[in-house]
Amino acid sequence: MADKGEYGLNSILINSFGYYLKQRFPQRVHKVTVDAGFTCPNRDGSKGRGGCSYCNNKSFNPNRRREIPSIGQQIEAGKIVVKKRTGATRVLAYFQAYSNTYAPLSDLEDRYAQALACPDVVGLSISTRPDCIDAGVVELLGSYRDQGYEIWLELGLQSVHDVTLKRIRRGHDFATYAQAVRLIRARGLPVCTHLILGLPGENRNMMMQTLDRVTDTGTDGLKFHPLHIVRQTLLAHEWKRKPFPLLVQHEYVGLVCDMLERIPPRYVIHRLTGTASQDMLLAPSWCTKKWSVLNAIHAEMQRRSAHQGCAHGGERTTRTWQLPETDPVSCTLGKSIPMPG
Ligand code: SF4
């Protein structure tokens, strides 16, 4: 089995975000998570209450605001950790918590500018909901890109199937996502789309349809997460009341490999799995072990002699699997948010 170090070898060929950053910057770049104090329209009542069914309520502790250090402090603290852990001397400020375009434009500009003003910040990665995208924020972020900053918008979608989106209480449909992608890409900004595999009521065909429709719609990057049930979520109540099947590790690994084979090499793979801490996770238990899952994906791709996009008969266009996922360093929340917004 490969360990973390071995992923730097030419052992498996995907266009990872780590590889993308290596091509883009002469110095090593890593993400640092920023909590800018935003909230979410699917919780505050403007789109819905209670949030997406898989979203952890603990993240929405109303007292948390008092504990957040300034954006500059978060980035400085993150830089120290990142440098020690990875040697990276440049960072992307990753606005991860909640919906990071959900505020008046002047507030957004203020928070983004605070991050960009920090030394060694080469850009922003902004995680948000498709229904929180409008021309104003796209233009603002586009203006940073015009100045040479690396800017990504990360959109939580999870599934293209409206029946599923309704079931997991996303509060938006696929058409809203497609419209947001068009708006963002028309300004020349790249989009990374978050998908969850194993959502209730979904079979393999539906998940493959999600992949195909998302790539057809024009995303630039993808993040994959297995569905896992964490405490203090609506999904946890639903699952305890009436358990539904969850993917076992080898099913998830097989699905991810099938998808990687199908994804043309130009799409950047930002993440291949997601984890939750043991104290928060109800099921499945394998979702606490990130490296076990990544190693299994690695082994399965090797067993198949596969590479990203090989189902299309494409040539290998990438040379390394350097950091199959660029884990952000979080200095405020301690643990990564289990699943994406
Ligand atoms: S997952 Fe994201 S969009 Fe859904 S309720 Fe949580 S923060 Fe809001």
# chains A, B, ... in the order shown; residues from 1 in each chain; ligands from 1
>>> select_by_dssp(residues="segment 53-296 of chain A", states="helix (DSSP H, G or I)", output="PyMOL selection string")
chain A and resi 57-60+64-67+71-86+105-116+130-132+135-146+162-167+174-186+204-217+234-241+249-262+285-288+290-296
>>> closest_atom_pairs(of="chain A", to="ligand 1", cutoff="8 Å", atoms="only C-alpha atoms and all ligand atoms", output="Markdown table")
| residue | atom | partner | partner_atom_place_in_ligand_line | distance |
| --- | --- | --- | --- | --- |
| A:Thr39 | CA | ligand 1 | 7 (S) | 7.2 |
| A:Cys40 | CA | ligand 1 | 8 (Fe) | 4.7 |
| A:Pro41 | CA | ligand 1 | 8 (Fe) | 6.6 |
| A:Asn42 | CA | ligand 1 | 5 (S) | 5.1 |
| A:Arg43 | CA | ligand 1 | 5 (S) | 5.7 |
| A:Gly50 | CA | ligand 1 | 5 (S) | 7.0 |
| A:Gly51 | CA | ligand 1 | 5 (S) | 3.5 |
| A:Cys52 | CA | ligand 1 | 4 (Fe) | 4.1 |
| A:Ser53 | CA | ligand 1 | 5 (S) | 7.5 |
| A:Tyr54 | CA | ligand 1 | 1 (S) | 6.8 |
| A:Cys55 | CA | ligand 1 | 6 (Fe) | 4.5 |
| A:Asn56 | CA | ligand 1 | 6 (Fe) | 7.0 |
| A:Ala97 | CA | ligand 1 | 7 (S) | 6.8 |
| A:Tyr98 | CA | ligand 1 | 7 (S) | 3.9 |
| A:Ser99 | CA | ligand 1 | 7 (S) | 6.0 |
| A:Thr128 | CA | ligand 1 | 3 (S) | 7.3 |
| A:Arg129 | CA | ligand 1 | 3 (S) | 5.8 |
| A:Gly156 | CA | ligand 1 | 3 (S) | 7.2 |
| A:Arg169 | CA | ligand 1 | 4 (Fe) | 7.9 |
| A:Arg170 | CA | ligand 1 | 4 (Fe) | 6.0 |
| A:Met339 | CA | ligand 1 | 1 (S) | 6.7 |
| A:Pro340 | CA | ligand 1 | 1 (S) | 5.6 |
| A:Gly341 | CA | ligand 1 | 2 (Fe) | 2.8 |
>>> closest_residue(among="A:Leu189, A:Cys257, A:Leu195, A:Val137", to="Arg303 of chain A", atoms="only C-alpha atoms")
A:Cys257
>>> residues_around(residues="segment 251-254 of chain A", least_positions_apart="4", cutoff="12 Å", atoms="only C-alpha atoms", output="number ranges by chain")
A: 196-199, 203-204, 207, 224-228, 245-247, 258-261, 272-274, 284, 286-287, 290, 292-301, 303-304
>>> atom_distance(atom1="atom CA of Ser127 of chain A", atom2="atom CA of Gln96 of chain A")
5.2 Å
>>> select_by_dssp(residues="segment 108-224 of chain A", states="strand (DSSP E or B)", output="ChimeraX atom specification")
/A:121-128,150-158,191-197,221-224
>>> write_last_selection(atoms="N, CA and C atoms", output="PDB file, in the first residue's frame")
ATOM      1  N   VAL A 121      -0.587  35.269   0.401  1.00  0.00           N
ATOM      2  CA  VAL A 121      -1.872  34.756  -0.081  1.00  0.00           C
ATOM      3  C   VAL A 121      -1.909  34.952  -1.604  1.00  0.00           C
ATOM      4  N   VAL A 122      -2.046  33.841  -2.326  1.00  0.00           N
ATOM      5  CA  VAL A 122      -2.015  33.929  -3.796  1.00  0.00           C
ATOM      6  C   VAL A 122      -3.418  33.904  -4.394  1.00  0.00           C
ATOM      7  N   GLY A 123      -4.433  33.728  -3.556  1.00  0.00           N
ATOM      8  CA  GLY A 123      -5.777  33.734  -4.114  1.00  0.00           C
ATOM      9  C   GLY A 123      -6.806  33.250  -3.112  1.00  0.00           C
ATOM     10  N   LEU A 124      -8.006  33.027  -3.639  1.00  0.00           N
ATOM     11  CA  LEU A 124      -9.145  32.650  -2.806  1.00  0.00           C
ATOM     12  C   LEU A 124      -9.850  31.434  -3.390  1.00  0.00           C
ATOM     13  N   SER A 125     -10.338  30.603  -2.510  1.00  0.00           N
ATOM     14  CA  SER A 125     -11.263  29.555  -2.920  1.00  0.00           C
ATOM     15  C   SER A 125     -12.529  29.794  -2.096  1.00  0.00           C
ATOM     16  N   ILE A 126     -13.634  30.023  -2.784  1.00  0.00           N
ATOM     17  CA  ILE A 126     -14.855  30.473  -2.115  1.00  0.00           C
ATOM     18  C   ILE A 126     -15.916  29.383  -2.223  1.00  0.00           C
ATOM     19  N   SER A 127     -16.273  28.813  -1.091  1.00  0.00           N
ATOM     20  CA  SER A 127     -17.275  27.751  -1.079  1.00  0.00           C
ATOM     21  C   SER A 127     -18.655  28.361  -0.816  1.00  0.00           C
ATOM     22  N   THR A 128     -19.631  27.983  -1.640  1.00  0.00           N
ATOM     23  CA  THR A 128     -20.944  28.577  -1.478  1.00  0.00           C
ATOM     24  C   THR A 128     -22.025  27.718  -2.101  1.00  0.00           C
ATOM     25  N   GLU A 150      -5.349  33.718  -7.956  1.00  0.00           N
ATOM     26  CA  GLU A 150      -5.986  32.439  -8.250  1.00  0.00           C
ATOM     27  C   GLU A 150      -7.343  32.428  -7.549  1.00  0.00           C
ATOM     28  N   ILE A 151      -8.404  32.322  -8.315  1.00  0.00           N
ATOM     29  CA  ILE A 151      -9.742  32.392  -7.720  1.00  0.00           C
ATOM     30  C   ILE A 151     -10.550  31.176  -8.165  1.00  0.00           C
ATOM     31  N   TRP A 152     -11.121  30.477  -7.194  1.00  0.00           N
ATOM     32  CA  TRP A 152     -12.037  29.361  -7.498  1.00  0.00           C
ATOM     33  C   TRP A 152     -13.352  29.590  -6.763  1.00  0.00           C
ATOM     34  N   LEU A 153     -14.428  29.219  -7.413  1.00  0.00           N
ATOM     35  CA  LEU A 153     -15.716  29.147  -6.726  1.00  0.00           C
ATOM     36  C   LEU A 153     -16.077  27.686  -6.558  1.00  0.00           C
ATOM     37  N   GLU A 154     -16.389  27.297  -5.341  1.00  0.00           N
ATOM     38  CA  GLU A 154     -16.768  25.904  -5.067  1.00  0.00           C
ATOM     39  C   GLU A 154     -18.267  25.873  -4.788  1.00  0.00           C
ATOM     40  N   LEU A 155     -18.983  25.140  -5.609  1.00  0.00           N
ATOM     41  CA  LEU A 155     -20.441  25.082  -5.475  1.00  0.00           C
ATOM     42  C   LEU A 155     -20.873  23.735  -4.922  1.00  0.00           C
ATOM     43  N   GLY A 156     -21.618  23.768  -3.836  1.00  0.00           N
ATOM     44  CA  GLY A 156     -22.236  22.542  -3.336  1.00  0.00           C
ATOM     45  C   GLY A 156     -23.416  22.204  -4.237  1.00  0.00           C
ATOM     46  N   LEU A 157     -23.400  21.020  -4.806  1.00  0.00           N
ATOM     47  CA  LEU A 157     -24.545  20.564  -5.603  1.00  0.00           C
ATOM     48  C   LEU A 157     -25.018  19.220  -5.043  1.00  0.00           C
ATOM     49  N   GLN A 158     -24.114  18.273  -4.961  1.00  0.00           N
ATOM     50  CA  GLN A 158     -24.310  16.924  -4.394  1.00  0.00           C
ATOM     51  C   GLN A 158     -24.960  15.951  -5.364  1.00  0.00           C
ATOM     52  N   VAL A 191     -14.941  26.799 -11.717  1.00  0.00           N
ATOM     53  CA  VAL A 191     -15.909  26.261 -10.758  1.00  0.00           C
ATOM     54  C   VAL A 191     -15.474  24.866 -10.336  1.00  0.00           C
ATOM     55  N   CYS A 192     -15.521  24.607  -9.041  1.00  0.00           N
ATOM     56  CA  CYS A 192     -15.346  23.246  -8.532  1.00  0.00           C
ATOM     57  C   CYS A 192     -16.692  22.813  -7.949  1.00  0.00           C
ATOM     58  N   THR A 193     -17.170  21.657  -8.360  1.00  0.00           N
ATOM     59  CA  THR A 193     -18.488  21.191  -7.928  1.00  0.00           C
ATOM     60  C   THR A 193     -18.344  20.069  -6.906  1.00  0.00           C
ATOM     61  N   HIS A 194     -19.090  20.199  -5.815  1.00  0.00           N
ATOM     62  CA  HIS A 194     -19.058  19.181  -4.755  1.00  0.00           C
ATOM     63  C   HIS A 194     -20.159  18.150  -4.997  1.00  0.00           C
ATOM     64  N   LEU A 195     -19.792  16.895  -4.963  1.00  0.00           N
ATOM     65  CA  LEU A 195     -20.764  15.819  -5.148  1.00  0.00           C
ATOM     66  C   LEU A 195     -20.684  14.844  -3.976  1.00  0.00           C
ATOM     67  N   ILE A 196     -21.826  14.322  -3.579  1.00  0.00           N
ATOM     68  CA  ILE A 196     -21.870  13.286  -2.549  1.00  0.00           C
ATOM     69  C   ILE A 196     -22.337  11.983  -3.193  1.00  0.00           C
ATOM     70  N   LEU A 197     -21.574  10.924  -2.978  1.00  0.00           N
ATOM     71  CA  LEU A 197     -21.950   9.608  -3.504  1.00  0.00           C
ATOM     72  C   LEU A 197     -22.629   8.803  -2.408  1.00  0.00           C
ATOM     73  N   GLY A 221     -13.718  21.668 -11.921  1.00  0.00           N
ATOM     74  CA  GLY A 221     -13.131  20.799 -10.914  1.00  0.00           C
ATOM     75  C   GLY A 221     -14.219  20.027 -10.200  1.00  0.00           C
ATOM     76  N   LEU A 222     -13.806  18.971  -9.516  1.00  0.00           N
ATOM     77  CA  LEU A 222     -14.769  18.112  -8.810  1.00  0.00           C
ATOM     78  C   LEU A 222     -14.227  17.735  -7.447  1.00  0.00           C
ATOM     79  N   LYS A 223     -15.146  17.671  -6.481  1.00  0.00           N
ATOM     80  CA  LYS A 223     -14.834  17.133  -5.152  1.00  0.00           C
ATOM     81  C   LYS A 223     -15.810  16.015  -4.862  1.00  0.00           C
ATOM     82  N   PHE A 224     -15.302  14.870  -4.455  1.00  0.00           N
ATOM     83  CA  PHE A 224     -16.163  13.732  -4.133  1.00  0.00           C
ATOM     84  C   PHE A 224     -16.160  13.475  -2.629  1.00  0.00           C
TER      85      PHE A 224
END
>>> residues_around(residues="Leu116 of chain A", least_positions_apart="2", cutoff="10 Å", atoms="only C-alpha atoms", output="number ranges by chain")
A: 71-72, 92-93, 111-114, 118-124, 144, 149
